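Source file: start_32.cif (mmCIF, C-alpha atoms and all ligand atoms)
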data_target
loop_
_atom_site.group_PDB
_atom_site.id
_atom_site.type_symbol
_atom_site.label_atom_id
_atom_site.label_comp_id
_atom_site.auth_asym_id
_atom_site.auth_seq_id
_atom_site.Cartn_x
_atom_site.Cartn_y
_atom_site.Cartn_z
ATOM 1 C CA MET A 1 115.511 121.181 118.551
ATOM 2 C CA SER A 2 112.375 120.628 116.499
ATOM 3 C CA ASN A 3 110.052 117.647 116.919
ATOM 4 C CA LEU A 4 111.599 116.279 113.710
ATOM 5 C CA GLN A 5 114.690 115.169 115.663
ATOM 6 C CA ASN A 6 115.435 111.556 116.692
ATOM 7 C CA ARG A 7 112.719 109.769 114.711
ATOM 8 C CA CYS A 8 113.310 106.290 113.239
ATOM 9 C CA PHE A 9 112.947 105.013 109.686
ATOM 10 C CA CYS A 10 113.705 101.666 108.092
ATOM 11 C CA LEU A 11 113.839 99.684 104.877
ATOM 12 C CA PHE A 12 111.613 96.613 104.459
ATOM 13 C CA GLY A 13 112.873 94.196 101.812
ATOM 14 C CA ASN A 14 114.265 90.789 101.006
ATOM 15 C CA PRO A 15 117.241 90.776 100.511
ATOM 16 C CA VAL A 16 118.395 93.963 102.277
ATOM 17 C CA SER A 17 121.908 93.175 103.454
ATOM 18 C CA HIS A 18 123.438 94.811 100.349
ATOM 19 C CA SER A 19 121.493 98.054 100.863
ATOM 20 C CA LEU A 20 123.317 101.388 101.010
ATOM 21 C CA SER A 21 120.223 103.221 102.266
ATOM 22 C CA PRO A 22 121.452 103.443 105.902
ATOM 23 C CA VAL A 23 124.698 105.102 104.712
ATOM 24 C CA ILE A 24 122.800 107.465 102.390
ATOM 25 C CA HIS A 25 120.397 108.574 105.120
ATOM 26 C CA LYS A 26 123.282 109.151 107.517
ATOM 27 C CA ILE A 27 124.742 111.524 104.915
ATOM 28 C CA PHE A 28 121.373 113.278 104.454
ATOM 29 C CA SER A 29 120.801 113.556 108.204
ATOM 30 C CA LYS A 30 124.105 115.370 108.642
ATOM 31 C CA GLN A 31 123.509 117.568 105.637
ATOM 32 C CA ILE A 32 119.999 118.754 106.578
ATOM 33 C CA ASN A 33 120.903 118.960 110.255
ATOM 34 C CA ILE A 34 118.053 116.743 111.432
ATOM 35 C CA LYS A 35 119.125 113.743 113.493
ATOM 36 C CA TYR A 36 117.236 110.625 112.438
ATOM 37 C CA PHE A 37 117.955 106.890 112.470
ATOM 38 C CA TYR A 38 117.618 104.463 109.571
ATOM 39 C CA SER A 39 117.942 100.676 109.671
ATOM 40 C CA THR A 40 117.174 97.704 107.426
ATOM 41 C CA ILE A 41 114.638 95.001 108.279
ATOM 42 C CA LEU A 42 115.005 91.701 106.463
ATOM 43 C CA THR A 43 111.341 90.868 105.951
ATOM 44 C CA PRO A 44 110.267 87.274 105.296
ATOM 45 C CA LYS A 45 108.268 87.184 102.055
ATOM 46 C CA LYS A 46 104.995 86.203 103.774
ATOM 47 C CA SER A 47 105.338 88.444 106.825
ATOM 48 C CA LEU A 48 105.234 92.008 105.525
ATOM 49 C CA SER A 49 101.967 92.854 107.310
ATOM 50 C CA PHE A 50 103.272 91.629 110.679
ATOM 51 C CA PHE A 51 106.583 93.485 110.311
ATOM 52 C CA LEU A 52 104.854 96.722 109.256
ATOM 53 C CA LYS A 53 102.485 96.607 112.240
ATOM 54 C CA LYS A 54 105.313 95.861 114.642
ATOM 55 C CA PHE A 55 107.518 98.688 113.350
ATOM 56 C CA PHE A 56 104.853 101.372 113.120
ATOM 57 C CA SER A 57 103.372 100.502 116.555
ATOM 58 C CA GLN A 58 106.337 102.376 118.070
ATOM 59 C CA GLU A 59 105.568 106.107 118.366
ATOM 60 C CA ASN A 60 109.004 107.192 117.181
ATOM 61 C CA ASN A 61 108.938 105.015 114.044
ATOM 62 C CA VAL A 62 107.368 107.300 111.480
ATOM 63 C CA GLY A 63 108.504 106.291 108.002
ATOM 64 C CA ALA A 64 110.024 103.587 105.868
ATOM 65 C CA ASN A 65 111.166 102.565 102.449
ATOM 66 C CA VAL A 66 109.984 99.405 100.768
ATOM 67 C CA THR A 67 112.057 97.491 98.274
ATOM 68 C CA LEU A 68 111.756 94.265 96.343
ATOM 69 C CA PRO A 69 109.713 92.157 96.399
ATOM 70 C CA PHE A 70 107.144 94.268 98.292
ATOM 71 C CA LYS A 71 106.633 97.434 96.233
ATOM 72 C CA LYS A 72 103.272 96.314 94.876
ATOM 73 C CA SER A 73 102.068 94.016 97.649
ATOM 74 C CA VAL A 74 102.465 96.745 100.307
ATOM 75 C CA ILE A 75 99.619 98.744 98.736
ATOM 76 C CA LYS A 76 96.959 96.756 100.573
ATOM 77 C CA TYR A 77 98.389 97.766 103.965
ATOM 78 C CA VAL A 78 98.308 101.567 103.544
ATOM 79 C CA ASP A 79 95.480 104.002 104.313
ATOM 80 C CA PHE A 80 96.218 106.591 101.619
ATOM 81 C CA LEU A 81 98.171 106.736 98.366
ATOM 82 C CA SER A 82 99.933 109.788 96.947
ATOM 83 C CA ASP A 83 99.203 110.655 93.304
ATOM 84 C CA ARG A 84 102.632 109.248 92.379
ATOM 85 C CA ALA A 85 101.864 105.930 94.069
ATOM 86 C CA LYS A 86 98.385 105.840 92.500
ATOM 87 C CA ILE A 87 99.805 106.317 88.991
ATOM 88 C CA SER A 88 102.477 103.684 89.418
ATOM 89 C CA GLU A 89 100.440 101.288 91.589
ATOM 90 C CA SER A 90 103.612 100.702 93.549
ATOM 91 C CA ILE A 91 105.134 102.132 96.702
ATOM 92 C CA ASN A 92 108.709 102.719 97.797
ATOM 93 C CA THR A 93 108.109 105.202 100.627
ATOM 94 C CA LEU A 94 105.785 105.118 103.642
ATOM 95 C CA LYS A 95 104.972 107.904 106.054
ATOM 96 C CA LYS A 96 102.951 107.656 109.264
ATOM 97 C CA ILE A 97 100.571 110.573 109.764
ATOM 98 C CA ASP A 98 98.397 111.530 112.750
ATOM 99 C CA LYS A 99 100.196 108.797 114.696
ATOM 100 C CA LYS A 100 98.238 105.965 113.045
ATOM 101 C CA PHE A 101 97.632 106.286 109.305
ATOM 102 C CA LEU A 102 100.084 105.113 106.652
ATOM 103 C CA VAL A 103 100.547 107.051 103.425
ATOM 104 C CA GLY A 104 102.238 105.283 100.495
ATOM 105 C CA ASP A 105 104.295 107.287 98.011
ATOM 106 C CA ASN A 106 106.670 106.441 95.170
ATOM 107 C CA THR A 107 109.890 108.378 94.539
ATOM 108 C CA ASP A 108 111.494 105.949 92.047
ATOM 109 C CA GLY A 109 110.130 107.824 89.023
ATOM 110 C CA ILE A 110 111.273 111.258 90.086
ATOM 111 C CA GLY A 111 114.575 109.672 91.180
ATOM 112 C CA ILE A 112 115.384 108.110 87.799
ATOM 113 C CA LEU A 113 114.274 111.223 85.917
ATOM 114 C CA TYR A 114 116.599 113.360 88.023
ATOM 115 C CA ASP A 115 119.473 110.949 87.425
ATOM 116 C CA LEU A 116 118.980 110.512 83.670
ATOM 117 C CA LYS A 117 118.908 114.305 83.296
ATOM 118 C CA ARG A 118 122.013 114.666 85.491
ATOM 119 C CA LEU A 119 123.830 112.178 83.244
ATOM 120 C CA ASN A 120 122.464 113.704 80.044
ATOM 121 C CA PHE A 121 121.021 110.268 79.192
ATOM 122 C CA LEU A 122 117.537 111.470 78.267
ATOM 123 C CA LYS A 123 116.681 113.485 75.182
ATOM 124 C CA LYS A 124 113.409 114.438 73.584
ATOM 125 C CA ASN A 125 111.801 111.744 71.365
ATOM 126 C CA PHE A 126 114.058 108.952 72.584
ATOM 127 C CA ASN A 127 112.956 105.363 71.987
ATOM 128 C CA ILE A 128 113.379 103.765 75.397
ATOM 129 C CA LEU A 129 113.451 100.040 76.094
ATOM 130 C CA VAL A 130 112.668 99.032 79.674
ATOM 131 C CA ILE A 131 113.577 95.456 80.507
ATOM 132 C CA GLY A 132 111.531 94.159 83.444
ATOM 133 C CA ALA A 133 107.961 94.517 84.640
ATOM 134 C CA GLY A 134 108.298 94.452 88.420
ATOM 135 C CA GLY A 135 107.667 97.136 91.035
ATOM 136 C CA ALA A 136 110.533 99.354 89.871
ATOM 137 C CA SER A 137 109.272 99.390 86.268
ATOM 138 C CA TYR A 138 105.828 100.496 87.439
ATOM 139 C CA GLY A 139 107.454 103.347 89.379
ATOM 140 C CA ILE A 140 109.686 104.664 86.594
ATOM 141 C CA ILE A 141 107.654 104.187 83.424
ATOM 142 C CA PRO A 142 105.222 107.139 83.696
ATOM 143 C CA TYR A 143 108.237 109.426 84.240
ATOM 144 C CA LEU A 144 110.105 107.987 81.243
ATOM 145 C CA MET A 145 107.160 108.937 79.037
ATOM 146 C CA TYR A 146 108.017 112.559 79.804
ATOM 147 C CA ASN A 147 109.230 114.588 76.780
ATOM 148 C CA MET A 148 107.423 112.586 74.086
ATOM 149 C CA ASN A 149 109.547 109.523 74.626
ATOM 150 C CA LYS A 150 108.219 106.218 73.321
ATOM 151 C CA VAL A 151 108.581 103.416 75.839
ATOM 152 C CA TYR A 152 108.921 99.750 74.872
ATOM 153 C CA VAL A 153 108.761 97.051 77.525
ATOM 154 C CA TYR A 154 110.209 93.569 77.422
ATOM 155 C CA ASN A 155 109.956 91.123 80.297
ATOM 156 C CA ARG A 156 110.958 87.467 80.682
ATOM 157 C CA THR A 157 107.363 86.703 81.669
ATOM 158 C CA HIS A 158 105.453 88.258 78.792
ATOM 159 C CA TYR A 159 102.072 88.435 80.501
ATOM 160 C CA LYS A 160 103.436 90.766 83.191
ATOM 161 C CA SER A 161 104.757 93.228 80.594
ATOM 162 C CA TYR A 162 101.423 93.016 78.780
ATOM 163 C CA LEU A 163 99.593 94.033 81.987
ATOM 164 C CA LEU A 164 102.053 96.851 82.638
ATOM 165 C CA VAL A 165 101.733 98.273 79.132
ATOM 166 C CA LYS A 166 97.951 98.044 79.314
ATOM 167 C CA LYS A 167 97.974 100.051 82.523
ATOM 168 C CA PHE A 168 100.035 102.912 81.093
ATOM 169 C CA SER A 169 98.621 102.977 77.575
ATOM 170 C CA ASN A 170 96.536 106.085 78.354
ATOM 171 C CA VAL A 171 99.610 108.017 79.575
ATOM 172 C CA GLY A 172 101.488 108.058 76.240
ATOM 173 C CA GLU A 173 103.089 105.833 73.625
ATOM 174 C CA ILE A 174 103.999 102.508 75.202
ATOM 175 C CA PHE A 175 104.398 99.105 73.560
ATOM 176 C CA CYS A 176 104.917 95.549 74.749
ATOM 177 C CA LEU A 177 107.539 93.511 72.898
ATOM 178 C CA LYS A 178 108.390 89.839 72.732
ATOM 179 C CA LYS A 179 112.029 88.704 72.716
ATOM 180 C CA ASN A 180 112.142 87.986 68.980
ATOM 181 C CA GLU A 181 110.738 91.454 68.173
ATOM 182 C CA LEU A 182 113.498 93.429 69.933
ATOM 183 C CA LYS A 183 115.882 93.246 66.954
ATOM 184 C CA ASN A 184 113.372 95.126 64.758
ATOM 185 C CA TYR A 185 113.711 98.354 66.751
ATOM 186 C CA ASN A 186 116.363 101.032 67.231
ATOM 187 C CA PHE A 187 116.492 101.984 70.879
ATOM 188 C CA ASN A 188 118.282 105.113 72.095
ATOM 189 C CA LEU A 189 118.187 104.219 75.773
ATOM 190 C CA ILE A 190 117.984 100.734 77.281
ATOM 191 C CA ILE A 191 117.120 100.466 80.962
ATOM 192 C CA ASN A 192 117.615 97.248 82.848
ATOM 193 C CA ALA A 193 114.917 97.282 85.528
ATOM 194 C CA THR A 194 115.176 93.574 86.316
ATOM 195 C CA SER A 195 116.646 92.137 89.491
ATOM 196 C CA SER A 196 118.868 89.784 87.438
ATOM 197 C CA GLY A 197 122.059 91.614 88.528
ATOM 198 C CA ILE A 198 121.485 90.700 92.166
ATOM 199 C CA TYR A 199 121.950 87.068 91.123
ATOM 200 C CA GLY A 200 124.965 87.814 88.867
ATOM 201 C CA GLN A 201 122.824 87.302 85.751
ATOM 202 C CA ILE A 202 121.740 89.338 82.721
ATOM 203 C CA PRO A 203 118.395 89.341 80.923
ATOM 204 C CA ASP A 204 118.320 86.893 78.042
ATOM 205 C CA ILE A 205 118.158 89.253 75.028
ATOM 206 C CA SER A 206 119.986 89.604 71.722
ATOM 207 C CA SER A 207 123.104 91.802 71.704
ATOM 208 C CA SER A 208 122.051 93.133 68.282
ATOM 209 C CA ILE A 209 120.127 95.942 70.023
ATOM 210 C CA ILE A 210 123.357 97.386 71.492
ATOM 211 C CA SER A 211 125.643 99.739 69.557
ATOM 212 C CA GLU A 212 128.058 102.523 70.432
ATOM 213 C CA ASN A 213 125.418 105.256 70.473
ATOM 214 C CA VAL A 214 122.924 103.389 72.640
ATOM 215 C CA TYR A 215 122.716 104.670 76.210
ATOM 216 C CA CYS A 216 122.559 101.803 78.717
ATOM 217 C CA TYR A 217 121.362 102.282 82.285
ATOM 218 C CA ASP A 218 121.086 99.629 84.976
ATOM 219 C CA LEU A 219 118.913 100.294 88.025
ATOM 220 C CA TYR A 220 121.152 97.864 89.859
ATOM 221 C CA PHE A 221 124.708 98.778 90.853
ATOM 222 C CA LYS A 222 127.759 97.147 92.356
ATOM 223 C CA LYS A 223 130.084 98.718 94.888
ATOM 224 C CA ILE A 224 133.048 97.761 92.708
ATOM 225 C CA GLY A 225 133.111 97.477 88.920
ATOM 226 C CA TYR A 226 130.325 97.308 86.360
ATOM 227 C CA THR A 227 127.097 95.362 86.828
ATOM 228 C CA PRO A 228 126.769 92.170 84.732
ATOM 229 C CA PHE A 229 124.312 93.988 82.401
ATOM 230 C CA LEU A 230 126.616 96.985 81.885
ATOM 231 C CA GLN A 231 129.630 94.689 81.310
ATOM 232 C CA TRP A 232 127.598 92.993 78.604
ATOM 233 C CA CYS A 233 126.536 96.348 77.047
ATOM 234 C CA LYS A 234 130.153 97.554 76.994
ATOM 235 C CA LYS A 235 131.306 94.267 75.486
ATOM 236 C CA HIS A 236 128.792 94.723 72.668
ATOM 237 C CA GLY A 237 129.884 98.280 71.915
ATOM 238 C CA SER A 238 127.969 100.793 74.043
ATOM 239 C CA LEU A 239 130.076 103.828 74.942
ATOM 240 C CA HIS A 240 127.506 105.156 77.406
ATOM 241 C CA VAL A 241 126.866 102.956 80.435
ATOM 242 C CA GLN A 242 125.715 104.006 83.913
ATOM 243 C CA ASP A 243 124.466 102.165 86.953
ATOM 244 C CA GLY A 244 121.666 103.138 89.327
ATOM 245 C CA ILE A 245 123.683 104.637 92.170
ATOM 246 C CA GLY A 246 122.601 108.167 91.217
ATOM 247 C CA MET A 247 118.967 107.065 91.122
ATOM 248 C CA LEU A 248 119.414 105.393 94.489
ATOM 249 C CA VAL A 249 120.537 108.672 96.021
ATOM 250 C CA SER A 250 117.916 110.788 94.263
ATOM 251 C CA GLN A 251 114.926 108.582 95.077
ATOM 252 C CA ALA A 252 116.160 108.471 98.700
ATOM 253 C CA ALA A 253 116.490 112.280 98.705
ATOM 254 C CA TYR A 254 112.815 112.616 97.742
ATOM 255 C CA SER A 255 111.855 110.184 100.542
ATOM 256 C CA CYS A 256 113.897 112.382 102.892
ATOM 257 C CA LEU A 257 111.966 115.423 101.651
ATOM 258 C CA LEU A 258 108.675 113.705 102.428
ATOM 259 C CA TRP A 259 109.765 112.800 105.967
ATOM 260 C CA ASN A 260 111.788 115.886 106.915
ATOM 261 C CA LYS A 261 110.442 118.646 104.651
ATOM 262 C CA LYS A 262 114.007 119.271 103.421
ATOM 263 C CA LEU A 263 115.563 118.056 100.160
ATOM 264 C CA PRO A 264 119.240 117.150 100.576
ATOM 265 C CA ASN A 265 121.736 118.260 97.920
ATOM 266 C CA ILE A 266 121.791 115.202 95.647
ATOM 267 C CA GLU A 267 125.127 115.868 93.887
ATOM 268 C CA ASN A 268 126.983 116.427 97.176
ATOM 269 C CA SER A 269 125.374 113.400 98.776
ATOM 270 C CA LEU A 270 126.331 111.222 95.797
ATOM 271 C CA LYS A 271 129.952 112.387 96.104
ATOM 272 C CA SER A 272 129.957 111.660 99.855
ATOM 273 C CA LEU A 273 128.446 108.212 99.243
ATOM 274 C CA LYS A 274 131.046 107.341 96.609
ATOM 275 C CA ASN A 275 133.812 108.480 98.967
ATOM 276 C CA SER A 276 132.437 106.496 101.853
ATOM 277 C CA ILE A 277 132.179 103.263 99.864
ATOM 278 C CA LYS A 278 135.321 104.069 97.817
ATOM 279 C CA ILE A 279 133.825 103.828 94.317
HETATM 280 N N1 LIG A 301 118.780 102.344 91.834
HETATM 281 C C1 LIG A 301 117.619 102.464 92.460
HETATM 282 O O1 LIG A 301 117.317 103.466 93.101
HETATM 283 C C2 LIG A 301 116.618 101.356 92.364
HETATM 284 C C3 LIG A 301 115.281 101.611 92.699
HETATM 285 C C4 LIG A 301 114.366 100.565 92.561
HETATM 286 C C5 LIG A 301 114.774 99.311 92.156
HETATM 287 N N2 LIG A 301 116.084 99.093 91.874
HETATM 288 C C6 LIG A 301 116.542 97.777 91.397
HETATM 289 O O2 LIG A 301 115.687 97.392 90.324
HETATM 290 C C7 LIG A 301 115.620 95.973 90.241
HETATM 291 C C8 LIG A 301 114.158 95.528 90.126
HETATM 292 O O3 LIG A 301 113.468 95.818 91.310
HETATM 293 P P1 LIG A 301 111.886 95.495 91.442
HETATM 294 O O4 LIG A 301 111.439 96.120 92.710
HETATM 295 O O5 LIG A 301 111.180 95.826 90.186
HETATM 296 O O6 LIG A 301 111.909 93.901 91.582
HETATM 297 P P2 LIG A 301 110.678 92.888 91.364
HETATM 298 O O7 LIG A 301 109.381 93.564 91.570
HETATM 299 O O8 LIG A 301 111.002 91.686 92.176
HETATM 300 O O9 LIG A 301 110.755 92.512 89.783
HETATM 301 C C9 LIG A 301 111.844 91.811 89.276
HETATM 302 C C10 LIG A 301 111.859 91.876 87.772
HETATM 303 O O10 LIG A 301 113.114 91.320 87.321
HETATM 304 C C11 LIG A 301 112.841 90.261 86.400
HETATM 305 N N3 LIG A 301 113.928 89.270 86.530
HETATM 306 C C12 LIG A 301 114.427 88.732 87.667
HETATM 307 N N4 LIG A 301 115.453 87.901 87.397
HETATM 308 C C13 LIG A 301 115.609 87.920 86.052
HETATM 309 C C14 LIG A 301 116.507 87.263 85.157
HETATM 310 N N5 LIG A 301 117.456 86.441 85.588
HETATM 311 N N6 LIG A 301 116.391 87.515 83.823
HETATM 312 C C15 LIG A 301 115.436 88.367 83.366
HETATM 313 N N7 LIG A 301 114.546 89.021 84.184
HETATM 314 C C16 LIG A 301 114.631 88.789 85.503
HETATM 315 C C17 LIG A 301 111.474 89.742 86.755
HETATM 316 O O11 LIG A 301 110.951 89.064 85.632
HETATM 317 P P3 LIG A 301 109.716 88.011 85.780
HETATM 318 O O12 LIG A 301 108.481 88.854 85.803
HETATM 319 O O13 LIG A 301 109.841 87.177 84.557
HETATM 320 O O14 LIG A 301 109.943 87.259 87.056
HETATM 321 C C18 LIG A 301 110.764 91.064 87.085
HETATM 322 O O15 LIG A 301 110.390 91.748 85.898
HETATM 323 C C19 LIG A 301 116.344 95.451 91.473
HETATM 324 O O16 LIG A 301 117.660 95.100 91.100
HETATM 325 C C20 LIG A 301 116.371 96.662 92.409
HETATM 326 O O17 LIG A 301 117.451 96.627 93.317
HETATM 327 C C21 LIG A 301 117.010 100.097 91.961
#

Any chance you could put this one into structure tokens?
Ligand SMILES: NC(=O)c1ccc[n+]([C@@H]2O[C@H](COP(=O)([O-])OP(=O)(O)OC[C@H]3O[C@@H](n4cnc5c(N)ncnc54)[C@H](OP(=O)(O)O)[C@@H]3O)[C@@H](O)[C@H]2O)c1
Amino acid sequence: MSNLQNRCFCLFGNPVSHSLSPVIHKIFSKQINIKYFYSTILTPKKSLSFFLKKFFSQENNVGANVTLPFKKSVIKYVDFLSDRAKISESINTLKKIDKKFLVGDNTDGIGILYDLKRLNFLKKNFNILVIGAGGASYGIIPYLMYNMNKVYVYNRTHYKSYLLVKKFSNVGEIFCLKKNELKNYNFNLIINATSSGIYGQIPDISSSIISENVYCYDLYFKKIGYTPFLQWCKKHGSLHVQDGIGMLVSQAAYSCLLWNKKLPNIENSLKSLKNSIKI
């Protein structure tokens, strides 16, 4: 038994009841042969600081994930940022070190890159449209710029996409678009990084940007059936639609690596997850 056994991790977010993270980490724990516990903590929007302090005050509680709406606001409560968290200015993984300091990291970018490559959804020189400018977009965008891809960003609240694009403009080619400009571009890959699916909605954009050769990826996923965004993409002709379940497993695998120094097998874990929730 190493001292890595029997430690506790959790997910801070609001909402969290739909989260599959506890199931995923159970699969990882078995696979890497390190027993650890993972729970969800529904965190009131104004109480993140209190909940973080309470959780990490326990010696055995040594790491956590952070989901919406806290990925950016959690930054002010950590002692150190990894390079990945610094670049994206957003955090999805926390690790307690030396029993008292919190390190913030971000595995969303490496998670989506792994998944898009697994699906063969990402090719050199793709024009990529990211819809949304929240915490997840900040995490994934620097990784999407990989391989000379041009990234276009559209968000319901234009000012937020303007700020996002400004932040990443020194990383590569990135452009901020307004709704009426979308129809002037040919996108190869469209990524829905909004939380609209959680509320059964889709972003309000013209279907003219969808065609059979456009790859459509939704960070959100549903246990059964297509997400509202992917249903809409299929309806308007896309033959290539995928939800974010693979990203969910891969970003979680890289959190697991940070906490346990072992990377679970992502393909096998994804299969086990799909079996356990009967997708
Ligand atoms: N698969 C994965 O591993 C993975 C990882 C990370 C995140 N996610 C998913 O990604 C999504 C975004 O997460 P986040 O952390 O970025 O959330 P967030 O920080 O709360 O940002 C939400 C974003 O969605 C937009 N939005 C919300 N409702 C909308 C609607 N009805 N129409 C158009 N835009 C809408 C917001 O636009 P405004 O700025 O105009 O409010 C904002 O850009 C969530 O569904 C989350 O579950 C999945």

When the cut-off is 9 Å and you count only C-alpha atoms and all ligand atoms, which residues lie near ligand LIG 301 (chain A), shown as a ChimeraX atom specification?
/A:19,66-72,92,107-109,111-112,131-140,154-161,192-205,218-221,243-252

I'd like the contact shell of Phe80 of chain A - 9 Å cut-off, only C-alpha atoms, skipping same-chain residues fewer than 4 positions apart - returned as a ChimeraX atom specification.
/A:101-105

Could you jot down the atom CA of Leu119 of chain A to atom CA of Gly237 of chain A separation for me, Å, one decimal place?
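Computing the Euclidean distance for atom CA of Leu119 of chain A and atom CA of Gly237 of chain A yields 18.9 Å.
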
Find the smallest box with edges along x, y and z containing every listed atom of segment 195-212 of chain A, then add 6 Å on each side and report centre and edge lengths in Å to one decimal, as AutoDock Vina command-line options.
--center_x 122.4 --center_y 94.7 --center_z 80.2 --size_x 23.4 --size_y 27.6 --size_z 35.9

For Leu273 of chain A, please output as a list in words all residues within 10 Å (counting all atoms listed in the file; exclusion window: fewer than 2 positions along the same chain).
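Those residues are Leu20, Val23, Ile24, His25, Lys26, Ile27, Ile245, Gly246, Val249, Glu267, Asn268, Ser269, Leu270, Lys271, Asn275, Ser276, Ile277, Lys278 and Ile279 of chain A.
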
With the file shown as input, list the residues that the PyMOL selection byres (((chain A and resi 168) around 12) and not hetatm) selects, as a PyMOL selection string.
chain A and resi 86-89+137-145+150-153+161-167+169-176
